[in-house]
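Okay, model-v2.cif is below, mmCIF, C-alpha atoms (C1' of nucleotides):
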```
data_query
#
loop_
_atom_site.label_atom_id
_atom_site.label_comp_id
_atom_site.auth_asym_id
_atom_site.auth_seq_id
_atom_site.Cartn_x
_atom_site.Cartn_y
_atom_site.Cartn_z
CA MET H 155 0.00 0.00 0.00
CA GLY H 156 1.51 3.23 -1.15
CA LYS H 157 4.84 2.66 -2.69
CA LYS H 158 7.29 5.38 -1.95
CA THR H 159 8.43 6.39 -5.35
CA ARG H 160 9.16 9.91 -4.23
CA LYS H 161 10.12 10.06 -0.64
CA THR H 162 11.09 13.65 -0.65
CA VAL H 163 8.09 15.78 -1.19
CA GLU H 164 5.26 14.18 0.58
CA HIS H 165 5.93 14.63 4.26
CA GLN H 166 7.20 18.15 4.60
CA THR H 167 5.50 20.41 7.11
CA PRO H 168 3.33 22.40 4.78
CA LEU H 169 1.57 24.96 6.90
CA VAL H 170 4.34 26.93 8.44
CA GLU H 171 5.25 30.30 7.00
CA GLY H 172 8.37 30.09 4.93
CA THR H 173 8.12 26.38 4.41
CA CYS H 174 8.67 24.59 1.16
CA PRO H 175 9.99 21.23 0.07
CA MET H 176 13.66 21.72 0.66
CA PRO H 177 14.79 18.38 -0.73
CA ASP H 178 13.25 19.32 -4.04
CA ILE H 179 14.84 22.73 -4.05
CA ALA H 180 18.15 21.20 -3.10
CA GLN H 181 17.82 18.97 -6.14
CA LEU H 182 17.33 21.94 -8.40
CA ILE H 183 20.03 24.27 -7.15
CA GLY H 184 22.16 22.17 -4.82
CA GLY H 185 25.52 20.58 -5.38
CA LYS H 186 28.89 22.11 -5.80
CA TRP H 187 28.45 24.04 -9.02
CA LYS H 188 24.87 24.92 -9.81
CA LEU H 189 24.64 28.05 -7.69
CA ILE H 190 27.84 29.35 -9.21
CA ILE H 191 26.68 28.74 -12.74
CA LEU H 192 23.28 30.26 -12.10
CA GLN H 193 24.77 33.28 -10.43
CA ILE H 194 26.92 34.01 -13.43
CA LEU H 195 24.18 33.52 -15.98
CA ILE H 196 21.63 35.47 -13.95
CA PHE H 197 23.78 38.47 -13.12
CA GLN H 198 26.10 38.58 -16.11
CA GLY H 199 23.84 37.39 -18.86
CA MET H 200 24.55 34.96 -21.66
CA LYS H 201 27.79 33.02 -21.71
CA ARG H 202 29.36 30.54 -24.04
CA PHE H 203 30.48 27.18 -22.76
CA GLY H 204 34.13 28.10 -22.84
CA GLN H 205 33.54 31.40 -21.08
CA LEU H 206 31.84 29.62 -18.23
CA LYS H 207 34.59 27.08 -18.05
CA ARG H 208 37.24 29.76 -17.84
CA GLN H 209 35.32 31.78 -15.30
CA ILE H 210 34.53 28.97 -12.91
CA ASP H 211 37.73 28.08 -11.21
CA GLY H 212 38.41 24.40 -10.94
CA ILE H 213 35.45 23.03 -12.84
CA THR H 214 36.07 20.29 -15.38
CA GLN H 215 34.56 19.94 -18.81
CA THR H 216 32.58 16.93 -17.67
CA MET H 217 31.12 18.64 -14.65
CA LEU H 218 30.21 21.79 -16.50
CA THR H 219 28.41 19.80 -19.15
CA THR H 220 26.60 17.66 -16.59
CA GLN H 221 25.44 20.59 -14.53
CA LEU H 222 24.33 22.62 -17.51
CA ARG H 223 22.35 19.67 -18.81
CA ALA H 224 20.64 19.26 -15.45
CA LEU H 225 19.84 22.95 -15.24
CA GLU H 226 18.48 22.86 -18.75
CA LYS H 227 16.32 19.88 -17.95
CA ASP H 228 14.90 21.75 -14.95
CA GLY H 229 14.12 24.78 -17.04
CA LEU H 230 16.65 27.05 -15.42
CA VAL H 231 19.02 27.43 -18.34
CA GLU H 232 18.49 27.72 -22.03
CA ARG H 233 20.96 26.18 -24.41
CA LYS H 234 21.36 27.45 -27.92
CA ALA H 235 23.75 25.60 -30.20
CA TYR H 236 24.90 27.05 -33.52
CA PRO H 237 25.79 24.68 -36.31
CA GLU H 238 29.21 26.12 -36.87
CA VAL H 239 32.70 24.82 -36.80
CA PRO H 240 34.23 25.09 -34.35
CA PRO H 241 31.03 24.75 -32.39
CA ARG H 242 29.39 27.60 -30.55
CA VAL H 243 26.94 27.08 -27.75
CA GLU H 244 25.32 29.83 -25.76
CA TYR H 245 23.78 29.49 -22.34
CA THR H 246 21.22 31.83 -20.86
CA ALA H 247 19.32 32.00 -17.60
CA THR H 248 15.61 31.46 -18.12
CA ARG H 249 12.90 33.54 -16.54
CA LYS H 250 12.48 30.89 -13.87
CA ALA H 251 16.15 31.20 -13.02
CA LYS H 252 16.03 34.97 -13.02
CA ASP H 253 13.26 34.76 -10.45
CA LEU H 254 15.94 33.46 -8.13
CA GLU H 255 17.57 36.88 -8.05
CA GLU H 256 15.82 37.77 -4.85
CA MET H 257 17.10 34.63 -3.19
CA PHE H 258 20.62 35.39 -4.29
CA HIS H 259 20.33 38.86 -2.85
CA ALA H 260 19.09 37.45 0.44
CA MET H 261 21.99 35.03 0.52
CA HIS H 262 24.38 37.79 -0.27
CA ALA H 263 23.02 40.05 2.43
CA TRP H 264 23.22 37.21 4.91
CA TRP H 265 26.75 36.48 3.93
CA LEU H 266 27.81 40.07 4.38
CA ARG H 267 26.17 40.32 7.77
CA ASN H 268 27.90 37.23 9.05
CA GLU H 269 31.19 37.11 7.21
CA MET M 266 52.66 33.99 -1.94
CA GLY M 267 49.36 32.62 -0.92
CA LYS M 268 49.14 28.91 -0.50
CA LYS M 269 45.76 27.68 -1.45
CA THR M 270 44.46 26.29 1.76
CA ARG M 271 40.99 27.35 0.77
CA LYS M 272 40.47 27.05 -2.90
CA THR M 273 36.86 27.94 -2.86
CA VAL M 274 36.65 31.52 -1.85
CA GLU M 275 39.39 33.26 -3.68
CA HIS M 276 38.41 33.20 -7.30
CA GLN M 277 34.76 34.05 -7.28
CA THR M 278 33.64 37.06 -9.25
CA PRO M 279 33.49 39.56 -6.47
CA LEU M 280 32.14 42.72 -8.01
CA VAL M 281 28.82 41.72 -9.39
CA GLU M 282 25.68 42.63 -7.51
CA GLY M 283 24.32 39.65 -5.67
CA THR M 284 27.53 37.72 -5.74
CA CYS M 285 29.00 35.82 -2.85
CA PRO M 286 31.15 32.74 -2.42
CA MET M 287 28.63 30.09 -3.25
CA PRO M 288 30.85 27.12 -2.48
CA ASP M 289 31.21 28.36 1.07
CA ILE M 290 27.52 28.92 1.46
CA ALA M 291 26.84 25.52 0.00
CA GLN M 292 29.10 24.09 2.67
CA LEU M 293 27.11 25.76 5.41
CA ILE M 294 23.58 24.98 4.32
CA GLY M 295 23.97 22.40 1.57
CA GLY M 296 23.40 18.70 1.69
CA LYS M 297 20.27 16.72 2.01
CA TRP M 298 19.16 17.66 5.51
CA LYS M 299 20.54 20.98 6.69
CA LEU M 300 17.93 23.19 5.08
CA ILE M 301 15.14 21.07 6.52
CA ILE M 302 16.59 21.18 10.01
CA LEU M 303 17.21 24.90 9.86
CA GLN M 304 13.76 25.59 8.54
CA ILE M 305 12.16 23.79 11.45
CA LEU M 306 14.33 25.39 14.10
CA ILE M 307 14.00 28.85 12.59
CA PHE M 308 10.25 28.85 12.03
CA GLN M 309 9.09 26.57 14.82
CA GLY M 310 11.59 27.36 17.54
CA MET M 311 13.38 25.02 19.89
CA LYS M 312 13.13 21.29 19.37
CA ARG M 313 14.43 18.27 21.20
CA PHE M 314 16.49 15.70 19.34
CA GLY M 315 13.66 13.20 19.26
CA GLN M 316 11.16 15.76 18.06
CA LEU M 317 13.36 16.60 15.14
CA LYS M 318 13.88 12.97 14.37
CA ARG M 319 10.16 12.29 14.34
CA GLN M 320 9.41 15.37 12.30
CA ILE M 321 11.97 14.81 9.59
CA ASP M 322 10.77 11.94 7.54
CA GLY M 323 13.39 9.40 6.67
CA ILE M 324 16.33 10.79 8.56
CA THR M 325 18.44 8.42 10.59
CA GLN M 326 19.84 8.95 14.05
CA THR M 327 23.32 9.09 12.64
CA MET M 328 22.52 11.67 10.03
CA LEU M 329 20.60 13.89 12.39
CA THR M 330 23.45 13.89 14.86
CA THR M 331 26.03 14.56 12.18
CA GLN M 332 24.12 17.44 10.65
CA LEU M 333 23.29 19.02 13.98
CA ARG M 334 26.92 18.83 14.97
CA ALA M 335 27.98 20.50 11.75
CA LEU M 336 25.39 23.24 12.15
CA GLU M 337 26.50 23.79 15.72
CA LYS M 338 30.11 24.03 14.65
CA ASP M 339 29.15 26.67 12.08
CA GLY M 340 27.27 28.69 14.66
CA LEU M 341 23.84 28.09 13.19
CA VAL M 342 22.43 25.92 15.92
CA GLU M 343 22.78 25.98 19.67
CA ARG M 344 22.83 22.72 21.58
CA LYS M 345 21.80 22.57 25.19
CA ALA M 346 22.14 19.24 26.99
CA TYR M 347 20.56 18.64 30.37
CA PRO M 348 22.23 16.19 32.72
CA GLU M 349 19.14 14.07 33.18
CA VAL M 350 18.26 10.47 32.63
CA PRO M 351 16.95 9.73 30.15
CA PRO M 352 18.91 12.48 28.46
CA ARG M 353 17.33 15.66 27.18
CA VAL M 354 18.95 17.82 24.53
CA GLU M 355 17.45 20.96 23.10
CA TYR M 356 18.35 22.55 19.79
CA THR M 357 17.77 26.16 18.89
CA ALA M 358 18.46 28.29 15.84
CA THR M 359 21.03 30.97 16.57
CA ARG M 360 20.75 34.57 15.54
CA LYS M 361 22.94 33.85 12.55
CA ALA M 362 20.54 31.14 11.47
CA LYS M 363 17.51 33.32 12.03
CA ASP M 364 19.06 35.85 9.70
CA LEU M 365 18.44 33.28 6.99
CA GLU M 366 14.70 33.82 7.32
CA GLU M 367 14.70 36.24 4.44
CA MET M 368 16.43 33.72 2.23
CA PHE M 369 13.92 31.07 3.13
CA HIS M 370 11.10 33.42 2.28
CA ALA M 371 12.68 34.18 -1.06
CA MET M 372 13.04 30.47 -1.74
CA HIS M 373 9.48 29.89 -0.75
CA ALA M 374 8.17 32.67 -2.95
CA TRP M 375 10.18 31.34 -5.84
CA TRP M 376 8.86 27.86 -5.29
CA LEU M 377 5.28 29.05 -5.27
CA ARG M 378 5.73 31.04 -8.42
CA ASN M 379 7.19 28.10 -10.29
CA GLU M 380 5.52 25.08 -8.73
"C1'" DA V 36 15.11 -8.85 36.98
"C1'" DA V 37 13.52 -7.48 32.63
"C1'" DT V 38 11.85 -3.53 29.80
"C1'" DG V 39 11.47 1.09 28.13
"C1'" DT V 40 13.25 5.62 27.45
"C1'" DT V 41 16.57 9.29 25.16
"C1'" DA V 42 20.36 10.77 22.80
"C1'" DG V 43 23.68 9.38 21.32
"C1'" DT V 44 28.57 6.49 19.25
"C1'" DA V 45 31.05 3.02 16.43
"C1'" DT V 46 31.38 0.44 12.29
"C1'" DC V 47 30.54 -0.96 7.94
"C1'" DT V 48 28.37 -0.81 3.36
"C1'" DT V 49 26.14 1.40 -0.33
"C1'" DT V 50 25.12 5.18 -3.16
"C1'" DT V 51 25.98 9.54 -5.08
"C1'" DT V 52 29.10 13.11 -6.54
"C1'" DT V 53 32.99 14.61 -8.31
"C1'" DG V 54 37.32 14.23 -10.83
"C1'" DA V 55 40.84 12.59 -14.41
"C1'" DT V 56 41.88 11.09 -18.73
"C1'" DA V 57 41.49 10.11 -23.37
"C1'" DC V 58 38.89 10.63 -27.41
"C1'" DT V 59 35.83 12.93 -31.30
"C1'" DA V 60 34.29 16.18 -35.36
"C1'" DT V 61 35.49 19.61 -38.81
"C1'" DA V 62 36.41 24.15 -40.76
"C1'" DT V 63 40.11 27.29 -40.87
"C1'" DA V 64 44.92 28.95 -40.45
"C1'" DC V 65 49.69 28.01 -41.18
"C1'" DG Q 93 49.51 18.04 -44.15
"C1'" DT Q 94 49.66 19.47 -39.45
"C1'" DA Q 95 48.09 22.18 -35.83
"C1'" DT Q 96 44.32 24.85 -33.56
"C1'" DA Q 97 39.95 25.82 -31.73
"C1'" DT Q 98 35.24 24.49 -29.49
"C1'" DA Q 99 32.07 21.79 -27.21
"C1'" DG Q 100 31.45 18.07 -26.24
"C1'" DT Q 101 31.22 12.19 -25.00
"C1'" DA Q 102 32.85 7.86 -22.92
"C1'" DT Q 103 35.20 5.53 -19.29
"C1'" DC Q 104 37.11 4.72 -15.13
"C1'" DA Q 105 38.73 6.05 -10.44
"C1'" DA Q 106 38.40 8.47 -6.19
"C1'" DA Q 107 36.17 10.82 -2.70
"C1'" DA Q 108 32.27 12.31 -0.19
"C1'" DA Q 109 27.72 11.72 1.50
"C1'" DA Q 110 24.26 8.91 3.17
"C1'" DG Q 111 22.29 4.66 5.15
"C1'" DA Q 112 22.04 0.32 8.05
"C1'" DT Q 113 22.90 -1.93 12.09
"C1'" DA Q 114 24.37 -2.82 16.54
"C1'" DC Q 115 25.69 -1.01 20.82
"C1'" DT Q 116 25.74 2.16 25.19
"C1'" DA Q 117 24.37 4.68 29.83
"C1'" DA Q 118 21.42 4.98 33.72
"C1'" DC Q 119 17.24 5.80 35.82
"C1'" DA Q 120 12.01 4.55 36.17
"C1'" DT Q 121 8.55 1.48 35.76
"C1'" DT Q 122 6.53 -3.00 35.90
#
```

The structure given in the file should be rewritten as structure tokens.
Amino acid sequence: MGKKTRKTVEHQTPLVEGTCPMPDIAQLIGGKWKLIILQILIFQGMKRFGQLKRQIDGITQTMLTTQLRALEKDGLVERKAYPEVPPRVEYTATRKAKDLEEMFHAMHAWWLRNE
Amino acid sequence: MGKKTRKTVEHQTPLVEGTCPMPDIAQLIGGKWKLIILQILIFQGMKRFGQLKRQIDGITQTMLTTQLRALEKDGLVERKAYPEVPPRVEYTATRKAKDLEEMFHAMHAWWLRNE
DNA sequence: AATGTTAGTATCTTTTTTGATACTATATAC
DNA sequence: GTATATAGTATCAAAAAAGATACTAACATT
């Protein structure tokens, strides 16, 4: 009775102010790189793959690709590939991602207060 | 000339509005459980260990202890143990943690907008 | 004397994330 | 004809996070 296909979302306290399904959010923007990538695309606008790679210190090709694919799948990043040689691919923050601006500002403010 | 004991913080784009060292923040509040724990302690006030355990679906003793210890170490949670038997331990969100309220609200608003 | 209670610790295993390396296509420049 | 540039993919290895299980202390209750 009741298989648990998705453990995460169904038991979170739903009625308290400020509450939302954190595991789900963590899936979307968690991990080591996603916040960095989003921050760049949101606040600096479109970037090419190579630009991102150069700007994000320490990230590997593999990781950057993986993370961008995940963000794209979740509707946070738009990928536009041009059929040129050598290839050109542009990444942009979607509207949904840009809506995170406020959260980034809150994080930033918090960071400054407690640095 | 600057050994890199902490790789994370030193190469982030520092001048853009809304920017802060994401890897460091991810360390503080990332992972599968920390946001959930913080959310409860911030918005519902003090909780005993067992209360947290019962409230957080699927968490194990081990994980809860680990995460609480990490949060305590980072000054986000205060731990108060009473020398009774059976033991009683109370956890509270610190001021620093409560300052995250704004961020939680921003997350929540974002989630609602894009659910 | 056995049982229940709370908040753990100590190990060990599994799963998930992250990293390293080598490889590809193809137009253009040299 | 060789090298260069870009944005990848395909593997494999390592490290980190999470999970499972068993164990503990010490008093109170039955």

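Note that atom CA of H:Ile194 and atom CA of H:Ala251 are 11.1 Å apart.
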
Just need chain M moved onto chain H: least-squares over all Cα atoms matched in order, then output as an mmCIF file with C-alpha atoms, in the coordinates of the input.
```cif
data_model
loop_
_atom_site.group_PDB
_atom_site.id
_atom_site.type_symbol
_atom_site.label_atom_id
_atom_site.label_comp_id
_atom_site.auth_asym_id
_atom_site.auth_seq_id
_atom_site.Cartn_x
_atom_site.Cartn_y
_atom_site.Cartn_z
ATOM 1 C CA MET M 266 -2.375 3.536 -1.487
ATOM 2 C CA GLY M 267 0.456 5.730 -2.476
ATOM 3 C CA LYS M 268 3.645 4.027 -3.434
ATOM 4 C CA LYS M 269 6.581 6.091 -2.453
ATOM 5 C CA THR M 270 8.153 6.896 -5.740
ATOM 6 C CA ARG M 271 9.222 10.231 -4.369
ATOM 7 C CA LYS M 272 10.087 10.005 -0.759
ATOM 8 C CA THR M 273 11.280 13.510 -0.420
ATOM 9 C CA VAL M 274 8.302 15.704 -0.863
ATOM 10 C CA GLU M 275 5.536 14.062 1.018
ATOM 11 C CA HIS M 276 6.443 14.355 4.646
ATOM 12 C CA GLN M 277 7.693 17.870 5.002
ATOM 13 C CA THR M 278 5.952 20.118 7.474
ATOM 14 C CA PRO M 279 3.685 21.939 5.119
ATOM 15 C CA LEU M 280 1.904 24.518 7.205
ATOM 16 C CA VAL M 281 4.654 26.593 8.640
ATOM 17 C CA GLU M 282 5.410 29.968 7.136
ATOM 18 C CA GLY M 283 8.471 29.801 4.965
ATOM 19 C CA THR M 284 8.368 26.082 4.526
ATOM 20 C CA CYS M 285 8.906 24.248 1.289
ATOM 21 C CA PRO M 286 10.291 20.886 0.256
ATOM 22 C CA MET M 287 13.943 21.499 0.846
ATOM 23 C CA PRO M 288 15.167 18.182 -0.511
ATOM 24 C CA ASP M 289 13.611 19.019 -3.850
ATOM 25 C CA ILE M 290 15.092 22.467 -3.900
ATOM 26 C CA ALA M 291 18.440 21.053 -2.926
ATOM 27 C CA GLN M 292 18.179 18.772 -5.928
ATOM 28 C CA LEU M 293 17.601 21.698 -8.244
ATOM 29 C CA ILE M 294 20.253 24.104 -7.047
ATOM 30 C CA GLY M 295 22.456 22.044 -4.750
ATOM 31 C CA GLY M 296 25.852 20.599 -5.387
ATOM 32 C CA LYS M 297 29.166 22.234 -5.789
ATOM 33 C CA TRP M 298 28.657 24.142 -9.024
ATOM 34 C CA LYS M 299 25.025 24.887 -9.781
ATOM 35 C CA LEU M 300 24.724 28.017 -7.684
ATOM 36 C CA ILE M 301 27.871 29.448 -9.234
ATOM 37 C CA ILE M 302 26.681 28.768 -12.758
ATOM 38 C CA LEU M 303 23.244 30.178 -12.092
ATOM 39 C CA GLN M 304 24.642 33.256 -10.452
ATOM 40 C CA ILE M 305 26.747 34.058 -13.485
ATOM 41 C CA LEU M 306 23.997 33.439 -16.004
ATOM 42 C CA ILE M 307 21.413 35.323 -13.972
ATOM 43 C CA PHE M 308 23.482 38.396 -13.165
ATOM 44 C CA GLN M 309 25.763 38.560 -16.182
ATOM 45 C CA GLY M 310 23.508 37.248 -18.915
ATOM 46 C CA MET M 311 24.292 34.841 -21.706
ATOM 47 C CA LYS M 312 27.599 33.023 -21.738
ATOM 48 C CA ARG M 313 29.264 30.599 -24.086
ATOM 49 C CA PHE M 314 30.478 27.264 -22.778
ATOM 50 C CA GLY M 315 34.103 28.319 -22.884
ATOM 51 C CA GLN M 316 33.412 31.597 -21.145
ATOM 52 C CA LEU M 317 31.790 29.787 -18.288
ATOM 53 C CA LYS M 318 34.622 27.339 -18.111
ATOM 54 C CA ARG M 319 37.197 30.104 -17.931
ATOM 55 C CA GLN M 320 35.205 32.069 -15.405
ATOM 56 C CA ILE M 321 34.543 29.250 -12.990
ATOM 57 C CA ASP M 322 37.780 28.471 -11.319
ATOM 58 C CA GLY M 323 38.578 24.817 -11.021
ATOM 59 C CA ILE M 324 35.659 23.337 -12.875
ATOM 60 C CA THR M 325 36.325 20.601 -15.377
ATOM 61 C CA GLN M 326 34.813 20.179 -18.804
ATOM 62 C CA THR M 327 32.952 17.135 -17.629
ATOM 63 C CA MET M 328 31.458 18.800 -14.612
ATOM 64 C CA LEU M 329 30.416 21.903 -16.475
ATOM 65 C CA THR M 330 28.657 19.849 -19.104
ATOM 66 C CA THR M 331 26.951 17.664 -16.535
ATOM 67 C CA GLN M 332 25.705 20.568 -14.463
ATOM 68 C CA LEU M 333 24.525 22.553 -17.453
ATOM 69 C CA ARG M 334 22.641 19.540 -18.704
ATOM 70 C CA ALA M 335 20.964 19.082 -15.348
ATOM 71 C CA LEU M 336 20.025 22.750 -15.155
ATOM 72 C CA GLU M 337 18.642 22.598 -18.668
ATOM 73 C CA LYS M 338 16.596 19.544 -17.821
ATOM 74 C CA ASP M 339 15.134 21.381 -14.824
ATOM 75 C CA GLY M 340 14.218 24.375 -16.937
ATOM 76 C CA LEU M 341 16.700 26.740 -15.345
ATOM 77 C CA VAL M 342 19.029 27.162 -18.269
ATOM 78 C CA GLU M 343 18.449 27.417 -21.982
ATOM 79 C CA ARG M 344 20.980 25.928 -24.360
ATOM 80 C CA LYS M 345 21.332 27.212 -27.873
ATOM 81 C CA ALA M 346 23.776 25.428 -30.173
ATOM 82 C CA TYR M 347 24.821 26.907 -33.490
ATOM 83 C CA PRO M 348 25.762 24.542 -36.290
ATOM 84 C CA GLU M 349 29.159 26.090 -36.853
ATOM 85 C CA VAL M 350 32.699 24.865 -36.793
ATOM 86 C CA PRO M 351 34.250 25.236 -34.370
ATOM 87 C CA PRO M 352 31.044 24.798 -32.422
ATOM 88 C CA ARG M 353 29.346 27.618 -30.573
ATOM 89 C CA VAL M 354 26.906 27.024 -27.744
ATOM 90 C CA GLU M 355 25.212 29.734 -25.759
ATOM 91 C CA TYR M 356 23.696 29.356 -22.316
ATOM 92 C CA THR M 357 21.065 31.613 -20.846
ATOM 93 C CA ALA M 358 19.187 31.730 -17.564
ATOM 94 C CA THR M 359 15.492 31.077 -18.054
ATOM 95 C CA ARG M 360 12.719 33.059 -16.477
ATOM 96 C CA LYS M 361 12.416 30.429 -13.785
ATOM 97 C CA ALA M 362 16.077 30.875 -12.965
ATOM 98 C CA LYS M 363 15.829 34.641 -12.984
ATOM 99 C CA ASP M 364 13.087 34.345 -10.410
ATOM 100 C CA LEU M 365 15.821 33.144 -8.082
ATOM 101 C CA GLU M 366 17.351 36.615 -8.073
ATOM 102 C CA GLU M 367 15.585 37.488 -4.868
ATOM 103 C CA MET M 368 16.967 34.408 -3.185
ATOM 104 C CA PHE M 369 20.456 35.251 -4.302
ATOM 105 C CA HIS M 370 20.082 38.735 -2.918
ATOM 106 C CA ALA M 371 18.899 37.346 0.383
ATOM 107 C CA MET M 372 21.876 35.004 0.471
ATOM 108 C CA HIS M 373 24.187 37.827 -0.352
ATOM 109 C CA ALA M 374 22.763 40.083 2.325
ATOM 110 C CA TRP M 375 23.059 37.298 4.839
ATOM 111 C CA TRP M 376 26.635 36.658 3.862
ATOM 112 C CA LEU M 377 27.562 40.292 4.264
ATOM 113 C CA ARG M 378 25.939 40.524 7.640
ATOM 114 C CA ASN M 379 27.787 37.497 8.943
ATOM 115 C CA GLU M 380 31.075 37.531 7.063
#
```

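Selecting chain H residues within 8 Å of chain Q and counting only C-alpha atoms (C1' of nucleotides) yields Phe203, Gly204, Thr219, Val239, Pro240, Pro241, Arg242 and Val243 of chain H.
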
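Picked by the PyMOL selection byres ((chain V) within 12 of (chain H)) from the coordinates shown: V:DT51, V:DT52, V:DT53, V:DG54, V:DA55, V:DT56, V:DA60, V:DT61, V:DA62, V:DT63.
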
Output for the residues just chosen: C-alpha atoms (C1' of nucleotides) as a compact mmCIF listing (two decimals), keeping the file's coordinate frame:
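Output file again-v6.txt is given in full below:
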```txt
# COMPACT_ATOMS: atom_id res chain seq x y z
C1' DT V 51 25.98 9.54 -5.08
C1' DT V 52 29.10 13.11 -6.54
C1' DT V 53 32.99 14.61 -8.31
C1' DG V 54 37.32 14.23 -10.83
C1' DA V 55 40.84 12.59 -14.41
C1' DT V 56 41.88 11.09 -18.73
C1' DA V 60 34.29 16.18 -35.36
C1' DT V 61 35.49 19.61 -38.81
C1' DA V 62 36.41 24.15 -40.76
C1' DT V 63 40.11 27.29 -40.87
```

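Distance annotation: of H:Lys227, H:Arg208, H:Lys234, H:Arg202, the residue with the minimal separation from chain M is H:Arg208; atom set is all atoms listed in the file.
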
Kindly assemble as CSV a list of the chain M residues that lie within 7 Å of chain H, each paired with its nearest atom pair and their distance in Å to one decimal, using only C-alpha atoms, sorted first by chain and then by ascending residue number.
```
residue,atom,partner,partner_atom,distance
M:His276,CA,H:Asp211,CA,6.5
M:Gly283,CA,H:His259,CA,4.9
M:Thr284,CA,H:His262,CA,6.3
M:Cys285,CA,H:His262,CA,5.6
M:Met287,CA,H:Ile190,CA,6.1
M:Pro288,CA,H:Lys186,CA,6.3
M:Gly295,CA,H:Gly184,CA,6.6
M:Lys297,CA,H:Pro177,CA,6.3
M:Leu300,CA,H:Met176,CA,6.3
M:Ile301,CA,H:Met176,CA,6.1
M:Asp322,CA,H:His165,CA,6.4
M:Lys361,CA,H:Asn268,CA,6.9
M:Asp364,CA,H:Trp264,CA,6.5
M:Leu365,CA,H:Trp264,CA,6.5
M:Glu367,CA,H:Ala260,CA,6.1
M:Met368,CA,H:Ala260,CA,4.9
M:Phe369,CA,H:Gly172,CA,5.9
M:His370,CA,H:Gly172,CA,5.1
M:Ala371,CA,H:Met257,CA,4.9
M:Met372,CA,H:Met257,CA,6.0
M:His373,CA,H:Cys174,CA,5.7
M:Trp375,CA,H:Asp253,CA,6.5
M:Asn379,CA,H:Lys250,CA,7.0
```

query = What does the distance from atom C1' of V:DA64 to atom CA of H:Pro237 come to in Å, to one decimal?
reply = 20.0 Å

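Separating atom CA of H:Glu269 from atom CA of M:Glu343 is a distance of 18.7 Å.
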
For stretch 195-204 of chain H, take all atoms listed in the file, fit an axis-aligned box around them, add 3 Å to each of the six sides, then output centre and edge lengths in Å rounded to one decimal, as AutoDock Vina command-line options.
```
--center_x 27.9 --center_y 32.9 --center_z -18.6 --size_x 18.5 --size_y 17.4 --size_z 16.9
```
